[in-house]
$ cat entry-v4.cif   # mmCIF, C-alpha atoms
data_start
#
loop_
_atom_site.group_PDB
_atom_site.id
_atom_site.type_symbol
_atom_site.label_atom_id
_atom_site.label_comp_id
_atom_site.auth_asym_id
_atom_site.auth_seq_id
_atom_site.Cartn_x
_atom_site.Cartn_y
_atom_site.Cartn_z
ATOM 1 C CA MET O 123 73.612 91.029 108.736
ATOM 2 C CA SER O 124 77.248 91.547 109.729
ATOM 3 C CA ILE O 125 78.542 94.642 111.476
ATOM 4 C CA SER O 126 80.089 97.033 108.978
ATOM 5 C CA LYS O 127 80.258 100.779 108.291
ATOM 6 C CA ASP O 128 76.888 102.569 108.396
ATOM 7 C CA GLN O 129 75.211 99.851 110.471
ATOM 8 C CA VAL O 130 73.419 100.682 113.728
ATOM 9 C CA VAL O 131 74.604 98.179 116.323
ATOM 10 C CA SER O 132 73.087 97.330 119.731
ATOM 11 C CA VAL O 133 75.302 95.631 122.314
ATOM 12 C CA HIS O 134 75.231 94.613 125.920
ATOM 13 C CA TYR O 135 78.625 95.018 127.572
ATOM 14 C CA ARG O 136 80.543 94.379 130.751
ATOM 15 C CA VAL O 137 83.803 96.224 131.422
ATOM 16 C CA SER O 138 86.360 95.311 134.070
ATOM 17 C CA GLU O 139 89.854 96.335 134.943
ATOM 18 C CA ALA O 140 92.054 93.778 133.174
ATOM 19 C CA GLY O 141 92.379 90.966 135.708
ATOM 20 C CA GLY O 142 90.381 92.998 138.215
ATOM 21 C CA PRO O 143 86.902 93.941 139.369
ATOM 22 C CA GLU O 144 83.921 94.790 137.186
ATOM 23 C CA LEU O 145 83.545 98.530 136.672
ATOM 24 C CA GLU O 146 80.174 98.708 134.900
ATOM 25 C CA HIS O 147 77.737 96.830 132.700
ATOM 26 C CA ASN O 148 74.424 97.371 130.933
ATOM 27 C CA PHE O 149 72.917 93.870 131.085
ATOM 28 C CA ASP O 150 70.077 95.074 133.326
ATOM 29 C CA THR O 151 68.990 97.855 130.968
ATOM 30 C CA ILE O 152 68.615 98.584 127.258
ATOM 31 C CA PRO O 153 71.631 97.785 125.060
ATOM 32 C CA MET O 154 74.089 100.489 124.076
ATOM 33 C CA VAL O 155 73.415 101.615 120.500
ATOM 34 C CA TYR O 156 75.980 103.182 118.183
ATOM 35 C CA LEU O 157 76.593 103.916 114.491
ATOM 36 C CA HIS O 158 79.481 101.734 113.326
ATOM 37 C CA GLY O 159 82.329 103.408 111.458
ATOM 38 C CA HIS O 160 81.626 106.956 112.678
ATOM 39 C CA ASN O 161 83.990 107.253 115.670
ATOM 40 C CA ASN O 162 81.238 106.658 118.225
ATOM 41 C CA LEU O 163 83.144 103.879 119.953
ATOM 42 C CA MET O 164 86.790 103.253 120.820
ATOM 43 C CA PRO O 165 88.519 102.373 117.536
ATOM 44 C CA ALA O 166 89.899 99.094 118.954
ATOM 45 C CA LEU O 167 86.387 98.008 120.014
ATOM 46 C CA GLU O 168 84.935 98.914 116.615
ATOM 47 C CA LYS O 169 87.656 96.874 114.937
ATOM 48 C CA ALA O 170 86.906 93.872 117.188
ATOM 49 C CA LEU O 171 83.158 94.122 116.420
ATOM 50 C CA GLU O 172 83.637 94.448 112.634
ATOM 51 C CA GLY O 173 82.075 91.435 110.859
ATOM 52 C CA LYS O 174 80.266 90.112 113.958
ATOM 53 C CA ASN O 175 76.586 89.101 113.781
ATOM 54 C CA VAL O 176 73.548 89.172 116.058
ATOM 55 C CA GLY O 177 74.066 86.606 118.810
ATOM 56 C CA ASP O 178 77.866 86.769 118.682
ATOM 57 C CA SER O 179 79.770 87.483 121.887
ATOM 58 C CA LEU O 180 83.403 88.429 122.306
ATOM 59 C CA GLU O 181 85.988 89.412 124.862
ATOM 60 C CA VAL O 182 88.495 92.170 124.170
ATOM 61 C CA THR O 183 91.257 93.493 126.422
ATOM 62 C CA LEU O 184 92.580 96.971 125.681
ATOM 63 C CA ALA O 185 95.660 98.706 127.010
ATOM 64 C CA ALA O 186 94.896 102.047 128.627
ATOM 65 C CA ALA O 187 96.243 103.860 125.550
ATOM 66 C CA ASP O 188 93.634 102.105 123.351
ATOM 67 C CA ALA O 189 90.811 102.607 125.848
ATOM 68 C CA TYR O 190 90.410 105.933 127.699
ATOM 69 C CA GLY O 191 94.053 106.955 127.476
ATOM 70 C CA PRO O 192 96.606 107.618 130.188
ATOM 71 C CA TYR O 193 95.732 109.301 133.461
ATOM 72 C CA ILE O 194 96.906 112.918 133.166
ATOM 73 C CA GLU O 195 98.103 114.415 136.442
ATOM 74 C CA GLY O 196 96.876 117.950 137.010
ATOM 75 C CA ALA O 197 93.891 117.687 134.634
ATOM 76 C CA THR O 198 91.719 119.586 137.091
ATOM 77 C CA GLN O 199 89.526 122.611 136.765
ATOM 78 C CA ARG O 200 87.448 124.879 138.992
ATOM 79 C CA VAL O 201 83.904 125.148 137.613
ATOM 80 C CA PRO O 202 81.015 127.334 138.796
ATOM 81 C CA ILE O 203 78.365 125.008 140.251
ATOM 82 C CA LYS O 204 75.679 126.827 138.244
ATOM 83 C CA ASN O 205 77.384 125.620 135.021
ATOM 84 C CA LEU O 206 77.091 121.897 135.799
ATOM 85 C CA LEU O 207 74.634 119.881 133.708
ATOM 86 C CA ASN O 208 72.010 117.681 135.383
ATOM 87 C CA LYS O 209 73.384 118.855 138.719
ATOM 88 C CA PRO O 210 72.873 116.283 141.486
ATOM 89 C CA LYS O 211 70.949 117.482 144.564
ATOM 90 C CA ARG O 212 74.033 117.003 146.687
ATOM 91 C CA LEU O 213 77.594 117.390 145.438
ATOM 92 C CA LEU O 214 80.119 115.183 147.192
ATOM 93 C CA PRO O 215 83.815 114.514 146.592
ATOM 94 C CA GLY O 216 84.183 111.385 144.454
ATOM 95 C CA GLY O 217 80.847 111.882 142.694
ATOM 96 C CA LEU O 218 80.489 112.323 138.953
ATOM 97 C CA VAL O 219 79.167 115.475 137.295
ATOM 98 C CA GLN O 220 78.657 116.515 133.689
ATOM 99 C CA LEU O 221 79.835 119.713 132.075
ATOM 100 C CA ASN O 222 80.035 121.214 128.605
ATOM 101 C CA THR O 223 83.450 121.287 126.959
ATOM 102 C CA ASN O 224 84.684 122.280 123.493
ATOM 103 C CA GLN O 225 84.413 118.562 122.593
ATOM 104 C CA GLY O 226 80.844 118.218 123.934
ATOM 105 C CA VAL O 227 79.496 116.943 127.250
ATOM 106 C CA ALA O 228 82.128 115.369 129.507
ATOM 107 C CA SER O 229 81.988 113.578 132.831
ATOM 108 C CA ALA O 230 84.276 114.734 135.620
ATOM 109 C CA ARG O 231 84.940 113.476 139.145
ATOM 110 C CA VAL O 232 84.337 115.932 141.993
ATOM 111 C CA LEU O 233 87.455 116.645 144.041
ATOM 112 C CA LYS O 234 86.316 119.522 146.271
ATOM 113 C CA VAL O 235 83.020 121.338 146.747
ATOM 114 C CA GLY O 236 82.879 125.026 147.623
ATOM 115 C CA LYS O 237 79.959 127.407 148.091
ATOM 116 C CA PHE O 238 79.876 128.564 144.453
ATOM 117 C CA ASN O 239 82.475 126.393 142.679
ATOM 118 C CA VAL O 240 83.493 122.768 142.414
ATOM 119 C CA ASP O 241 86.986 121.438 141.638
ATOM 120 C CA VAL O 242 86.838 118.504 139.225
ATOM 121 C CA ASP O 243 89.205 115.919 137.754
ATOM 122 C CA LEU O 244 88.674 115.928 133.978
ATOM 123 C CA ASN O 245 90.234 112.491 133.407
ATOM 124 C CA HIS O 246 87.741 109.807 132.421
ATOM 125 C CA PRO O 247 87.098 107.624 135.497
ATOM 126 C CA PHE O 248 88.702 104.676 133.643
ATOM 127 C CA ALA O 249 91.729 106.632 132.334
ATOM 128 C CA GLY O 250 95.050 104.919 132.947
ATOM 129 C CA LYS O 251 93.447 101.471 133.260
ATOM 130 C CA ASP O 252 93.835 98.436 131.032
ATOM 131 C CA LEU O 253 90.261 97.255 130.428
ATOM 132 C CA SER O 254 88.590 93.971 129.540
ATOM 133 C CA PHE O 255 85.277 94.113 127.684
ATOM 134 C CA TYR O 256 82.730 91.350 127.255
ATOM 135 C CA LEU O 257 80.282 92.231 124.467
ATOM 136 C CA GLU O 258 77.102 90.572 123.168
ATOM 137 C CA VAL O 259 75.693 91.739 119.826
ATOM 138 C CA LYS O 260 71.911 92.173 120.177
ATOM 139 C CA GLU O 261 70.866 93.890 116.948
ATOM 140 C CA VAL O 262 72.379 95.086 113.666
ATOM 141 C CA ARG O 263 70.435 97.176 111.153
ATOM 142 C CA PRO O 264 71.187 99.540 108.294
ATOM 143 C CA ALA O 265 71.434 103.161 109.389
ATOM 144 C CA THR O 266 68.959 105.685 108.023
ATOM 145 C CA GLU O 267 70.201 108.503 105.806
ATOM 146 C CA GLU O 268 69.516 110.909 108.673
ATOM 147 C CA GLU O 269 71.609 108.841 111.118
ATOM 148 C CA ILE O 270 74.509 108.749 108.647
ATOM 149 C CA ALA O 271 74.218 112.505 108.044
ATOM 150 C CA HIS O 272 74.178 113.184 111.817
ATOM 151 C CA GLY O 273 76.950 110.653 112.519
ATOM 152 C CA HIS O 274 75.114 108.793 115.287
ATOM 153 C CA ALA O 275 72.246 106.367 115.909
ATOM 154 C CA HIS O 276 68.755 107.665 116.723
ATOM 155 C CA GLY O 277 65.915 106.102 118.676
ATOM 156 C CA VAL O 278 65.846 103.930 121.794
ATOM 157 C CA GLY O 279 69.369 103.580 123.139
ATOM 158 C CA GLY O 280 70.697 106.081 120.595
ATOM 159 C CA HIS O 281 70.587 109.883 120.440
ATOM 160 C CA GLN O 282 67.210 111.580 120.776
ATOM 161 C CA HIS O 283 66.603 114.862 118.942
#
$ encode --input "entry-v4.cif" --output "structure tokens"
Amino acid sequence: MSISKDQVVSVHYRVSEAGGPELEHNFDTIPMVYLHGHNNLMPALEKALEGKNVGDSLEVTLAAADAYGPYIEGATQRVPIKNLLNKPKRLLPGGLVQLNTNQGVASARVLKVGKFNVDVDLNHPFAGKDLSFYLEVKEVRPATEEEIAHGHAHGVGGHQH
């Protein structure tokens, strides 16, 4: 079965700065699962995966604008510590935290920690970077009606309700 709209796709990935060091990968854990054609992945990556089959691998390099966008100077915010999600036991500058935004849960990098508030950088950690992806397609299956209605994959590696 080829990857097309309304297919649930499982992939292992490795992402690096273009021509630079590896930033992250998921080869030592369960594959990332997403619903193809529902804006759950960067559009350029979805386009590159379109038509691929289980067992296929590919390499894709994206300019920053097609990946996580440009780095926006001044995209900082002071947030009450009590409002952080899954708050780590110890907050340190440089660490990542999660917070609710109007667009859903977002990751932010800690800049400064106070007694009651934390200053965070709202740019994605990979913003402003050209990225190279290595992807291996592990599974492709038709989405359920519920997954299509919700706009995301369910189950292991997908969204849990």
$ residues_around --input "entry-v4.cif" --residues "His158 of chain O" --least-positions-apart "4" --cutoff "8 Å" --atoms "only C-alpha atoms" --output "number ranges by chain"
O: 125-131, 162-163, 168
$ resolve_selection --input "entry-v4.cif" --expression "the PyMOL selection byres ((chain O and resi 257) around 6)" --output "PyMOL selection string"
chain O and resi 134-135+179-180+256+258
$ closest_residue --input "entry-v4.cif" --among "O:Leu244, O:Val219, O:Leu157, O:Leu214" --to "Ala271 of chain O" --atoms "only C-alpha atoms"
O:Leu157
$ atom_distance --input "entry-v4.cif" --atom1 "atom CA of Pro192 of chain O" --atom2 "atom CA of Thr223 of chain O"
19.2 Å
$ closest_atom_pairs --input "entry-v4.cif" --of "segment 164-238 of chain O" --to "segment 137-152 of chain O" --cutoff "9 Å" --atoms "only C-alpha atoms" --output "JSON lines"
{"residue": "O:Thr183", "atom": "CA", "partner": "O:Ala140", "partner_atom": "CA", "distance": 6.8}
{"residue": "O:Leu184", "atom": "CA", "partner": "O:Ala140", "partner_atom": "CA", "distance": 8.2}
{"residue": "O:Ala185", "atom": "CA", "partner": "O:Ala140", "partner_atom": "CA", "distance": 8.7}
$ closest_residue --input "entry-v4.cif" --among "O:Arg231, O:Arg263, O:His160, O:His276" --to "Thr198 of chain O" --atoms "only C-alpha atoms"
O:Arg231
$ residues_around --input "entry-v4.cif" --residues "Gly217 of chain O" --least-positions-apart "2" --cutoff "10 Å" --atoms "all atoms listed in the file" --output "list of chain:residue names"
O:Pro210, O:Arg212, O:Leu213, O:Leu214, O:Pro215, O:Val219, O:Ala230, O:Arg231, O:Val232, O:Leu233, O:Val242
$ closest_residue --input "entry-v4.cif" --among "O:Lys234, O:Lys209, O:Met164, O:Ser229" --to "Pro247 of chain O" --atoms "all atoms listed in the file"
O:Ser229
$ atom_distance --input "entry-v4.cif" --atom1 "atom CA of Ile203 of chain O" --atom2 "atom CA of Asn245 of chain O"
18.6 Å
$ atom_distance --input "entry-v4.cif" --atom1 "atom CA of Leu221 of chain O" --atom2 "atom CA of Asn161 of chain O"
21.0 Å
$ residues_around --input "entry-v4.cif" --residues "Ser124 of chain O" --least-positions-apart "2" --cutoff "8 Å" --atoms "all atoms listed in the file" --output "PyMOL selection string"
chain O and resi 126+172-176+262
